[in-house]
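The structure appears right after this line, and notes come after that.
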2 protein chains.
Amino acid sequence: MKRVLLTGASGFVGRELPPLLLARGYEVHSVGRQEVTGVNAHHHCDLLRDDLDQLAAAIEPTHLLHMAWYAEPGHFWSATENLEWAAASLRLILAVGKAGTRRVVAAGSCAEYDWSRPMLDEQTTPLEPATLYGQAKVAVFRLLASVGPQLGLSFAWGRIFFTYGPTEKPGRLVSDLLDGLGRDETVQLSAGTQERDFMHVSDVAAAFAALLDREVEGAVNIASGEIVSVRHLAERLAGLAGKQDRLAFGMRAMQPGEPARLAPSIERLRTEVGFVPQFTLDAGLRDTYQRRQSPSVRKD
Amino acid sequence: MKRVLLTGASGFVGRELPPLLLARGYEVHSVGRQEVTGVNAHHHCDLLRDDLDQLAAAIEPTHLLHMAWYAEPGHFWSATENLEWAAASLRLILAVGKAGTRRVVAAGSCAEYDWSRPMLDEQTTPLEPATLYGQAKVAVFRLLASVGPQLGLSFAWGRIFFTYGPTEKPGRLVSDLLDGLGRDETVQLSAGTQERDFMHVSDVAAAFAALLDREVEGAVNIASGEIVSVRHLAERLAGLAGKQDRLAFGMRAMQPGEPARLAPSIERLRTEVGFVPQFTLDAGLRDTYQRRQSPSVRKD
């Protein structure tokens, strides 16, 4: 029997996970303040405040998939909530460890790396976060790596790069671009020369589900391997919308400290996890554009 | 008005702090599971489980002096409790930050440093802990350093080296030595070649009290500057007890990974904090030996 305790199931990536986990034979127990449907059971719980020992002892999960974190666009990089989520994550790991859980997979971030490096590799790139968000993620990663053996936990840590998809909430790159183009506005962008690895949210979720089922240990970059400029991405989306003339590059300043290129190694994900994304960038952007036209798609 | 929230006031270092803080004009509010006397108020509270926002809002401390941690001799290096205390420390820092506290001083450890370095310096020595205890302390230190400015907190982090004193509980070097000599046993020791910086517990506490009153920011080594071998220390204690023939060196193995020499820089403590220890090592060991003879001295 595989029973997974899933946090963050109402989030952007997390909401894709229940059907993937059910398909892999897990009994899915979601945990959080927001009601989640399509799972075997939802346990209403405030991870920041409630007794997690009690929660874990009641569920007795064999697996933990921990996706929850503070993720408010524009705020999460430096919010003090990062410390609350680091503390809650540590308490949750201890709680499931004591309850007999044997495998933990949690969401890390590309923000953990020293962004000045030409290639971001799980084994060799220094963890020198430029942000409080990155610091908090690194703290949990390091402590989980240290405590895992004592708790009898196998663990993997999926470092998410740049996720896009139909259900993105406002305040993010793709959502704001498509919303602006949809209103037929001129969309003001930075120069758009930043190069990033973008991955469709369905693939990000599928990669986590695969990671949970394997015995791969430690950090694994969750990325597509397709590295393009923000300008390229924007132009593809504008092309899909037939609004190529609505992009105004160079009208916004870059964020201070914004790195020119963030290029993940995806060797571990491909060879050790054996994961291949379903979407190319083109196909993923088309899917995003088309499904976003539907008024029934949730965008919060 | 200076009002300090003091944690760990029933611990080895912490119990020395109330009179020092009162003498410096603080209103002292101790917090913890064990009742503490000799303070303005004790607040019964389980830092690992209780609502710390409520606690901080009720006390409204101007200062936080956070000494509490899991410290069971022989166990604390690798205990999972280190994660609980890291989580509690993060929650406490956020709670006092929101309650208007302006200065935080907390207990760090020499275990945060890469022990292979010839000199352990606050500004230049890499933080590469060999133990879970060290990892957990580093995690809190880094997050406190990152979040401090946003919370309007000035902060200092006192890295404790090796503390001895009359009230040491069993299971520690000096206490076990004196207890063994007191029973007229032959005391079995390692080769004793390890060189360490030992500081009397009264001086450690006085250094923290001084640190709380200054505006010095960041990590500060709390150490005496007198670096001697374990053998030297043991021989001095045996000399005080008149039992020089009762020491059997080389009868125990060194701990795996035990560093040959841990030598702190004490420049910041001396020049920036302006702190000078009251005890030389000889005077401190004499004080420890003499006061430990008294049955009324607490040793738990």
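Simple scheme: letters A, B, ... for chains in structure tokens order, numbers from 1 for residues in each chain, numbers from 1 for ligands in the order shown.
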Among region 57-268 of chain B, which ones does DSSP place in helix (DSSP H, G or I), written as a PyMOL selection string?
chain B and resi 57-59+81-98+110-112+132-151+173-182+201-213+230-241+244-246+267-268
Taking only C-alpha atoms into account, what are the residues of chain A at most 9 Å from chain B, put as a ChimeraX atom specification?
/A:49-51,78-81,83-84,86-91,94,131-132,135-136,138-140,142-144,146-147,150-151
Within 10 Å of Ala238 (chain A), counting only C-alpha atoms, which residues show up once you throw out same-chain ones fewer than 3 positions away? Write them as a ChimeraX atom specification, please.
/A:177-178,181-182,187,232-235,241-247,289
Leaving out Asp197 (chain A) and any residue of its chain fewer than 6 positions from it, which residues lie within 7 Å of it when counting only C-alpha atoms, given as an mmCIF file with N, CA, C and O atoms, in the first residue's frame?
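Written file, part-v8.cif:
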```cif
data_model
loop_
_atom_site.group_PDB
_atom_site.id
_atom_site.type_symbol
_atom_site.label_atom_id
_atom_site.label_comp_id
_atom_site.auth_asym_id
_atom_site.auth_seq_id
_atom_site.Cartn_x
_atom_site.Cartn_y
_atom_site.Cartn_z
ATOM 1 N N PHE A 161 12.325 25.226 -11.878
ATOM 2 C CA PHE A 161 12.827 26.407 -12.576
ATOM 3 C C PHE A 161 11.644 27.327 -12.915
ATOM 4 O O PHE A 161 11.065 27.919 -12.017
ATOM 5 N N PHE A 162 11.274 27.454 -14.168
ATOM 6 C CA PHE A 162 10.201 28.397 -14.496
ATOM 7 C C PHE A 162 9.009 27.642 -15.067
ATOM 8 O O PHE A 162 9.105 27.012 -16.107
ATOM 9 N N ALA A 223 13.230 20.595 -14.888
ATOM 10 C CA ALA A 223 13.319 21.558 -15.980
ATOM 11 C C ALA A 223 13.242 20.820 -17.308
ATOM 12 O O ALA A 223 13.432 19.601 -17.362
ATOM 13 N N SER A 224 12.945 21.588 -18.347
ATOM 14 C CA SER A 224 12.655 20.983 -19.656
ATOM 15 C C SER A 224 13.887 20.756 -20.510
ATOM 16 O O SER A 224 13.881 19.933 -21.416
ATOM 17 N N GLY A 225 14.940 21.544 -20.238
ATOM 18 C CA GLY A 225 16.116 21.490 -21.102
ATOM 19 C C GLY A 225 16.024 22.442 -22.286
ATOM 20 O O GLY A 225 16.999 22.630 -23.008
ATOM 21 N N GLU A 226 14.861 23.077 -22.474
ATOM 22 C CA GLU A 226 14.725 24.085 -23.550
ATOM 23 C C GLU A 226 14.938 25.462 -22.938
ATOM 24 O O GLU A 226 14.076 25.960 -22.202
ATOM 25 N N ILE A 227 16.069 26.063 -23.257
ATOM 26 C CA ILE A 227 16.387 27.364 -22.672
ATOM 27 C C ILE A 227 16.217 28.439 -23.740
ATOM 28 O O ILE A 227 16.883 28.390 -24.774
ATOM 29 N N VAL A 228 15.305 29.346 -23.502
ATOM 30 C CA VAL A 228 15.030 30.408 -24.482
ATOM 31 C C VAL A 228 14.991 31.749 -23.769
ATOM 32 O O VAL A 228 14.893 31.815 -22.541
ATOM 33 N N ALA A 263 20.623 28.245 -16.598
ATOM 34 C CA ALA A 263 20.622 27.040 -17.427
ATOM 35 C C ALA A 263 20.818 25.801 -16.563
ATOM 36 O O ALA A 263 21.917 25.533 -16.098
#
```
Write out as JSON, numbers by chain each polymer residue whose atoms come within 9 Å of Lys98 (chain B), counting only C-alpha atoms; drop sequence neighbours fewer than 6 positions from it.
{"B": [53, 56, 57, 151]}
